[in-house]
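Enquirer: Quick one: the structure is below, questions incoming.
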Amino acid sequence: MVRKITAMVAAIVMVFAFASVSFAGWDKCKGCHTDANKPAPGKAALLKKFKAAVDFKKVAKDSKNPMMNAFKGDADLDAAAKELGLK
Ligand code: HEC
């Protein structure tokens, strides 16, 4: 129970921390989407899974993970997709 609450608080703090940083594009995502694929799949893993920007954006928007809530805007997703080389 305590662990669960701690994890939830940590997740919320992280979302606010990342959302308030004025990075653009993939820089905004890579705090979570790390090369170690933790807590979220990194660049290589995402590129393996998604071949088109439309799919990438759709899945990002459909994500049920609360950590993604602040990163579903078209501006963020378009910039990130472009940086990853998705068309
Ligand atoms: C606060 C951490 C965090 C940030 C920042 C973040 N994400 Fe995520 N994202 C996650 C988590 C956690 C998941 C769920 C991973 C899973 O289900 O394995 C996820 C899932 C995704 C998925 C779906 C992956 C899949 O295979 O289902 C996409 C696409 C995605 N994020 C794109 C982005 C983009 C683009 C950005 C930057 C604009 C971003 N994310 C920023 C945490 C984050």
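So you can find residues: chains in the structure tokens are A, B, ... in the order shown, residues in each start at 1, and ligands are numbered from 1 in order.
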Would you mind listing the residues within 7 Å of ligand 1, counting only C-alpha atoms and all ligand atoms, as number ranges by chain?
Expert: A: 11, 14-15, 18, 25-26, 28-33, 39-41, 46, 49, 56-57, 59-60, 63, 65, 67-68, 71-72, 76-77, 80-81
Enquirer: As an NGL selection string, please: every residue in chain A that DSSP puts in alpha helix (DSSP H).
Expert: :A and (2-20 or 43-49 or 53-62 or 74-84)
Enquirer: Please, what distance in Å, to one decimal, runs between CA of Met8 (chain A) and CA of Asp35 (chain A)?
Expert: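 Answer for the CA of Met8 (chain A) to CA of Asp35 (chain A) separation: 22.9 Å.
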Enquirer: From the set A:Ile12, A:Leu84, A:Ile5, A:Lys61, which residue has the shortest atom-to-atom contact distance to Lys48 (chain A), counting only C-alpha atoms?
Expert: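 Among A:Ile12, A:Leu84, A:Ile5, A:Lys61, it is A:Leu84 that comes nearest to Lys48 (chain A).
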Enquirer: Would you mind reading off the distance between CA of Lys38 (chain A) and CA of Lys87 (chain A), one decimal, in Å?
Expert: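 CA of Lys38 (chain A) sits 25.3 Å away from CA of Lys87 (chain A).
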Enquirer: Pick the closest to Asp55 (chain A) from A:Gly42, A:Leu86, A:Thr34, A:Gly73: which is it, counting only C-alpha atoms?
Expert: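 Of all the options, A:Leu86 lies closest to Asp55 (chain A).
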Enquirer: To one decimal place, how far is CA of Ala24 (chain A) from CA of Asp62 (chain A) in Å?
Expert: 21.0 Å
Enquirer: When you count only C-alpha atoms, which of these residues is closest to Val9 (chain A): A:Asp78, A:Pro66, A:Ala53, A:Glu83?
Expert: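 Smallest separation from Val9 (chain A) among the options: A:Pro66.
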